[in-house]
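Chemist: File upload-v3.cif below, mmCIF, C-alpha atoms:
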```
data_start
#
loop_
_atom_site.label_atom_id
_atom_site.label_comp_id
_atom_site.auth_asym_id
_atom_site.auth_seq_id
_atom_site.Cartn_x
_atom_site.Cartn_y
_atom_site.Cartn_z
CA MET A 38 -0.90 -19.10 164.98
CA ASP A 39 -1.28 -22.73 163.98
CA ASP A 40 -0.27 -23.75 160.48
CA ILE A 41 -3.30 -22.93 158.31
CA LYS A 42 -2.80 -25.94 156.05
CA THR A 43 -2.91 -28.29 159.03
CA ILE A 44 -6.08 -26.60 160.29
CA VAL A 45 -7.76 -26.81 156.88
CA ASN A 46 -6.85 -30.49 156.54
CA GLY A 47 -8.31 -31.19 159.97
CA LEU A 48 -11.55 -29.35 159.20
CA ALA A 49 -11.79 -31.10 155.82
CA ASN A 50 -11.45 -34.49 157.49
CA ASP A 51 -14.17 -33.50 159.96
CA THR A 52 -16.45 -32.29 157.14
CA ILE A 53 -15.99 -34.95 154.44
CA ASP A 54 -18.76 -37.29 155.61
CA GLU A 55 -21.28 -34.44 155.67
CA VAL A 56 -20.21 -33.27 152.21
CA VAL A 57 -20.59 -36.79 150.80
CA ALA A 58 -24.05 -37.05 152.39
CA ILE A 59 -25.07 -33.70 150.85
CA ARG A 60 -23.87 -34.76 147.43
CA ARG A 61 -25.75 -38.06 147.61
CA ALA A 62 -28.94 -36.38 148.79
CA ILE A 63 -28.81 -34.00 145.83
CA HIS A 64 -27.93 -36.83 143.45
CA ALA A 65 -30.94 -38.85 144.61
CA TYR A 66 -33.32 -36.00 143.83
CA PRO A 67 -32.14 -34.33 140.60
CA GLU A 68 -33.89 -31.17 139.44
CA ILE A 69 -33.54 -29.59 136.01
CA SER A 70 -32.88 -25.96 135.09
CA PHE A 71 -34.76 -23.29 137.08
CA ASP A 72 -36.59 -26.05 138.98
CA GLU A 73 -33.91 -26.68 141.63
CA VAL A 74 -36.36 -25.98 144.47
CA ARG A 75 -35.45 -28.83 146.82
CA THR A 76 -31.74 -28.42 146.10
CA SER A 77 -31.97 -24.71 146.93
CA GLU A 78 -33.82 -25.49 150.15
CA LEU A 79 -31.08 -27.92 151.20
CA ILE A 80 -28.42 -25.29 150.51
CA GLN A 81 -30.30 -22.72 152.58
CA LYS A 82 -30.80 -25.21 155.41
CA LYS A 83 -27.09 -25.96 155.62
CA LEU A 84 -26.05 -22.32 155.43
CA SER A 85 -28.51 -21.49 158.21
CA GLU A 86 -27.19 -24.34 160.37
CA TRP A 87 -23.65 -23.01 159.99
CA GLY A 88 -24.57 -19.37 160.62
CA ILE A 89 -23.63 -18.16 157.15
CA ARG A 90 -25.58 -15.16 155.83
CA PHE A 91 -27.23 -15.63 152.45
CA GLN A 92 -29.78 -14.29 150.01
CA ALA A 93 -32.13 -16.72 148.26
CA GLY A 94 -34.61 -16.51 145.41
CA ILE A 95 -32.13 -15.06 142.93
CA ALA A 96 -32.91 -16.11 139.36
CA THR A 97 -35.73 -18.22 140.82
CA THR A 98 -33.74 -20.75 142.88
CA GLY A 99 -30.26 -19.23 143.11
CA VAL A 100 -28.53 -18.58 146.43
CA VAL A 101 -25.65 -16.22 147.23
CA ALA A 102 -23.88 -16.37 150.60
CA LEU A 103 -21.27 -14.02 152.03
CA ILE A 104 -18.55 -14.79 154.55
CA GLU A 105 -16.58 -11.86 155.98
CA GLY A 106 -13.10 -12.18 157.43
CA HIS A 107 -11.94 -10.51 160.63
CA ASN A 108 -11.26 -7.42 158.50
CA PRO A 109 -13.94 -7.23 155.78
CA GLU A 110 -11.90 -4.64 153.87
CA GLY A 111 -9.90 -6.68 151.44
CA PRO A 112 -10.16 -8.81 148.32
CA VAL A 113 -13.41 -10.56 147.48
CA ILE A 114 -13.23 -14.10 146.17
CA ALA A 115 -16.26 -16.02 144.89
CA LEU A 116 -16.76 -19.76 144.64
CA ARG A 117 -19.45 -20.77 142.17
CA ALA A 118 -21.39 -24.01 141.82
CA ASP A 119 -24.18 -24.93 139.42
CA MET A 120 -27.12 -26.94 140.74
CA ASP A 121 -29.18 -28.35 137.87
CA ALA A 122 -29.41 -31.91 136.58
CA LEU A 123 -30.16 -33.30 133.12
CA PRO A 124 -33.21 -35.02 131.58
CA ILE A 125 -31.39 -38.36 131.42
CA GLU A 126 -32.45 -41.74 132.80
CA GLU A 127 -30.01 -43.03 135.41
CA LYS A 128 -28.88 -46.64 135.02
CA ASN A 129 -26.44 -46.75 137.94
CA GLU A 130 -27.21 -49.23 140.69
CA VAL A 131 -26.17 -47.37 143.81
CA GLU A 132 -28.10 -46.60 146.98
CA TYR A 133 -28.21 -42.89 146.16
CA ALA A 134 -29.32 -43.28 142.53
CA SER A 135 -31.94 -40.93 141.14
CA THR A 136 -35.41 -41.41 142.55
CA ARG A 137 -36.93 -39.37 139.73
CA PRO A 138 -37.40 -41.31 136.50
CA GLY A 139 -36.00 -39.47 133.52
CA TYR A 140 -33.73 -37.16 135.53
CA MET A 141 -30.12 -37.57 136.60
CA HIS A 142 -27.12 -35.65 137.84
CA ALA A 143 -24.98 -36.78 134.93
CA CYS A 144 -22.68 -33.73 134.81
CA GLY A 145 -21.46 -33.49 138.39
CA HIS A 146 -23.45 -30.49 139.54
CA ASP A 147 -24.45 -32.38 142.68
CA ALA A 148 -20.73 -32.65 143.50
CA HIS A 149 -20.11 -28.99 142.68
CA THR A 150 -22.84 -27.86 145.07
CA ALA A 151 -21.68 -30.15 147.86
CA MET A 152 -18.05 -29.06 147.44
CA VAL A 153 -18.82 -25.34 147.60
CA LEU A 154 -21.02 -25.90 150.63
CA GLY A 155 -18.24 -27.86 152.34
CA ALA A 156 -15.67 -25.22 151.42
CA GLY A 157 -18.00 -22.53 152.72
CA LYS A 158 -18.37 -24.26 156.06
CA ILE A 159 -14.59 -24.50 156.46
CA ILE A 160 -14.00 -20.90 155.31
CA HIS A 161 -16.64 -19.67 157.76
CA GLU A 162 -14.85 -21.45 160.59
CA LEU A 163 -11.60 -19.81 159.48
CA ARG A 164 -12.98 -16.28 159.16
CA ASP A 165 -10.69 -15.00 161.91
CA TYR A 166 -7.69 -15.98 159.79
CA PHE A 167 -8.24 -13.78 156.74
CA SER A 168 -9.17 -10.30 155.55
CA GLY A 169 -11.74 -9.65 152.86
CA LYS A 170 -14.83 -11.57 151.89
CA VAL A 171 -15.76 -14.88 150.29
CA MET A 172 -18.94 -15.24 148.24
CA LEU A 173 -20.62 -18.59 147.66
CA ILE A 174 -22.68 -18.56 144.47
CA PHE A 175 -25.15 -21.38 143.83
CA GLN A 176 -26.34 -20.93 140.27
CA PRO A 177 -29.45 -22.43 138.71
CA SER A 178 -29.75 -23.50 135.09
CA GLU A 179 -26.27 -24.09 133.77
CA GLU A 180 -27.66 -26.51 131.21
CA MET A 181 -30.43 -24.50 129.58
CA TYR A 182 -30.35 -21.23 127.65
CA PRO A 183 -30.27 -18.38 128.61
CA GLY A 184 -28.59 -19.81 131.69
CA GLY A 185 -28.81 -18.91 135.32
CA ALA A 186 -25.54 -16.98 135.36
CA LYS A 187 -26.92 -14.41 132.92
CA VAL A 188 -30.13 -14.03 134.90
CA MET A 189 -28.28 -13.69 138.23
CA LEU A 190 -26.10 -10.95 136.76
CA GLU A 191 -29.13 -9.15 135.37
CA GLU A 192 -30.71 -9.28 138.83
CA GLY A 193 -27.65 -7.55 140.26
CA ILE A 194 -25.89 -10.12 142.42
CA PHE A 195 -22.71 -8.02 142.25
CA SER A 196 -24.38 -4.65 142.78
CA ARG A 197 -23.31 -4.46 146.44
CA VAL A 198 -20.29 -6.76 146.57
CA LYS A 199 -18.26 -7.48 143.44
CA PRO A 200 -15.68 -10.27 143.48
CA ASP A 201 -12.10 -9.70 142.38
CA PHE A 202 -11.81 -13.36 141.40
CA ILE A 203 -14.36 -16.10 140.71
CA PHE A 204 -13.55 -19.78 140.84
CA GLY A 205 -16.13 -21.72 138.79
CA GLN A 206 -14.99 -25.25 139.46
CA HIS A 207 -16.01 -28.38 137.60
CA VAL A 208 -15.21 -32.05 138.13
CA LEU A 209 -12.95 -33.54 135.47
CA PRO A 210 -12.62 -37.35 135.38
CA GLU A 211 -9.35 -37.08 133.43
CA LEU A 212 -7.66 -35.55 136.48
CA GLU A 213 -6.34 -37.97 139.07
CA SER A 214 -8.29 -38.01 142.32
CA GLY A 215 -6.81 -35.62 144.86
CA THR A 216 -5.45 -33.18 142.29
CA VAL A 217 -6.74 -29.78 141.18
CA GLY A 218 -6.22 -28.08 137.83
CA MET A 219 -6.55 -24.37 137.21
CA ARG A 220 -6.83 -22.17 134.15
CA GLY A 221 -7.70 -18.51 133.84
CA GLY A 222 -10.41 -17.32 131.47
CA GLU A 223 -12.61 -19.54 129.35
CA TYR A 224 -12.34 -23.29 129.72
CA MET A 225 -14.32 -26.38 128.71
CA ALA A 226 -17.23 -26.32 126.29
CA SER A 227 -20.25 -24.07 125.97
CA THR A 228 -23.28 -24.56 123.77
CA ASP A 229 -25.69 -22.13 122.18
CA GLU A 230 -29.12 -22.91 120.78
CA PHE A 231 -30.57 -21.67 117.54
CA TYR A 232 -33.62 -22.73 115.57
CA ILE A 233 -34.17 -22.74 111.82
CA THR A 234 -37.19 -23.42 109.66
CA VAL A 235 -36.49 -25.14 106.35
CA LYS A 236 -39.15 -24.99 103.63
CA GLY A 237 -38.66 -27.52 100.87
CA ARG A 238 -40.45 -28.23 97.62
CA GLY A 239 -41.58 -31.72 96.70
CA GLY A 240 -41.22 -33.38 93.33
CA HIS A 241 -40.21 -36.55 91.59
CA GLY A 242 -37.07 -38.52 92.23
CA ALA A 243 -36.36 -38.51 88.52
CA THR A 244 -36.08 -34.70 88.52
CA PRO A 245 -34.24 -33.79 91.73
CA HIS A 246 -32.98 -30.58 90.17
CA LEU A 247 -36.55 -29.31 90.21
CA ASN A 248 -37.08 -30.11 93.88
CA VAL A 249 -35.87 -28.43 97.08
CA ASP A 250 -34.77 -31.20 99.41
CA PRO A 251 -35.12 -29.93 103.01
CA VAL A 252 -32.83 -32.69 104.31
CA VAL A 253 -29.94 -31.40 102.20
CA VAL A 254 -30.70 -27.79 103.14
CA GLY A 255 -30.85 -28.67 106.83
CA ALA A 256 -27.56 -30.55 106.64
#
```
What do you get writing this file as structure tokens?

Modeler:
Amino acid sequence: MDDIKTIVNGLANDTIDEVVAIRRAIHAYPEISFDEVRTSELIQKKLSEWGIRFQAGIATTGVVALIEGHNPEGPVIALRADMDALPIEEKNEVEYASTRPGYMHACGHDAHTAMVLGAGKIIHELRDYFSGKVMLIFQPSEEMYPGGAKVMLEEGIFSRVKPDFIFGQHVLPELESGTVGMRGGEYMASTDEFYITVKGRGGHGATPHLNVDPVVVGA
């Protein structure tokens, strides 16, 4: 059997141009949370081209693919990518800049999607080399509450096949190009949303102790 690392490196070199093209296509047409229709269609198109089985329409636009090794009985590993962009105006002057005013892939989700697709293509070509299964999870709405991950779980994406490990990768500009960092459990930031209503009481500036200043309460 050929050295697997050499084979992977060769396949990666063969795939890199296609992965870059996928990432730029997604970057040029950013879609916000639960509206990743065109992005989802591109993912499905590529998976179909490569002969990878998948289920679409999960949590609106989510896609889950499954690659089985030569012996499907074994560990299940999942690779997860988020797909949504942000409501931000892009100012970059590149040929693949956003074509949608007011929307931009400012958080790297275009890269995440392209990387998992590229990894999936390589893993599919190497399916005779491993036992077990590999899931590819393309998640909508990472940026907006309640989040696509929660909805996908509620819709039962692990009801038939449950991964033993999930790798939820994210680009990190602080890491040198060509390196990978890993950490188990929670990592990076997460935000929650909550809403409050403040009811103040007006009055005179000379008697602030008789007023209820909503600015102070809100702060």

Chemist: Using all atoms listed in the file, can you tell me which of A:Asp40, A:Glu86, A:Ser227, A:Thr52 comes closest to Tyr182 (chain A)?

Modeler: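 Using all atoms listed in the file, the shortest distance to Tyr182 (chain A) belongs to A:Ser227.
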
Chemist: Which polymer residues have any atom within 9 Å of an atom of Gly185 (chain A), counting only C-alpha atoms, with same-chain residues fewer than 4 positions away left out, as a PDB file with C-alpha atoms, in the frame of the given file?

Modeler:
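Wrote out_16.pdb, looks like this:
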```pdb
ATOM      1  CA  SER A  70     -32.880 -25.960 135.090  1.00  0.00           C
ATOM      2  CA  PHE A  71     -34.760 -23.290 137.080  1.00  0.00           C
ATOM      3  CA  ALA A  96     -32.910 -16.110 139.360  1.00  0.00           C
ATOM      4  CA  THR A  97     -35.730 -18.220 140.820  1.00  0.00           C
ATOM      5  CA  GLY A  99     -30.260 -19.230 143.110  1.00  0.00           C
ATOM      6  CA  ASP A 119     -24.180 -24.930 139.420  1.00  0.00           C
ATOM      7  CA  GLN A 176     -26.340 -20.930 140.270  1.00  0.00           C
ATOM      8  CA  PRO A 177     -29.450 -22.430 138.710  1.00  0.00           C
ATOM      9  CA  SER A 178     -29.750 -23.500 135.090  1.00  0.00           C
ATOM     10  CA  GLU A 179     -26.270 -24.090 133.770  1.00  0.00           C
ATOM     11  CA  GLU A 180     -27.660 -26.510 131.210  1.00  0.00           C
ATOM     12  CA  MET A 181     -30.430 -24.500 129.580  1.00  0.00           C
ATOM     13  CA  MET A 189     -28.280 -13.690 138.230  1.00  0.00           C
ATOM     14  CA  LEU A 190     -26.100 -10.950 136.760  1.00  0.00           C
TER      15      LEU A 190
END
```

Chemist: Return as a VMD selection string the set of residues that the PyMOL selection byres ((chain A and resi 154) around 12) yields on the displayed structure.

Modeler: chain A and resid 49 52 to 53 55 to 60 76 to 77 79 to 87 89 100 to 103 116 to 120 147 to 153 155 to 161 172 to 175

Chemist: For a test of reading the model, state the distance in Å between CA of Glu78 (chain A) and CA of Gly94 (chain A), rounded to one decimal.

Modeler: 10.2 Å

Chemist: So that I can check the surroundings of Val131 (chain A), please list as a short mmCIF file (atom, residue, chain, number, x, y, z; two decimals) with C-alpha atoms, in the frame of the given file every protein, DNA and RNA residue that reaches within 12 Å of it, counting only C-alpha atoms and ignoring chain neighbours fewer than 4 positions away.

Modeler:
```cif
data_model
loop_
_atom_site.label_atom_id
_atom_site.label_comp_id
_atom_site.auth_asym_id
_atom_site.auth_seq_id
_atom_site.Cartn_x
_atom_site.Cartn_y
_atom_site.Cartn_z
CA ARG A 61 -25.75 -38.06 147.61
CA HIS A 64 -27.93 -36.83 143.45
CA ALA A 65 -30.94 -38.85 144.61
CA GLU A 127 -30.01 -43.03 135.41
CA SER A 135 -31.94 -40.93 141.14
CA THR A 136 -35.41 -41.41 142.55
#
```

Chemist: I would like the residues chosen by the PyMOL selection byres ((chain A and resi 163) around 12) on the shown file; could you give them as a list in words?

Modeler: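 Output from the PyMOL selection byres ((chain A and resi 163) around 12), applied to this file: Asp39, Ile41, Lys42, Ile44, Val45, Gly47, Leu48, Ala49, Ile104, Glu105, Gly106, His107, Ala156, Gly157, Lys158, Ile159, Ile160, His161, Glu162, Arg164, Asp165, Tyr166, Phe167, Ser168, Lys170 and Val171 of chain A.
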
Chemist: My list of candidates is A:Gly205, A:Pro124, A:Gly255, A:Gly237. Which is closest to Pro138 (chain A) when distances are computed with only C-alpha atoms?

Modeler: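 When distances to Pro138 (chain A) are compared using only C-alpha atoms, the smallest one comes from A:Pro124.
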
Chemist: List as a PyMOL selection string the protein and nucleic acid residues near Gly221 (chain A), meaning an atom at most 12 Å away when all atoms listed in the file are counted, but skip any in the same chain fewer than 6 places from it.

Modeler: chain A and resi 202-206

Chemist: So how many Å separate CA of His207 (chain A) and CA of Ala186 (chain A), to one decimal?

Modeler: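 These atoms are spaced 15.0 Å apart.
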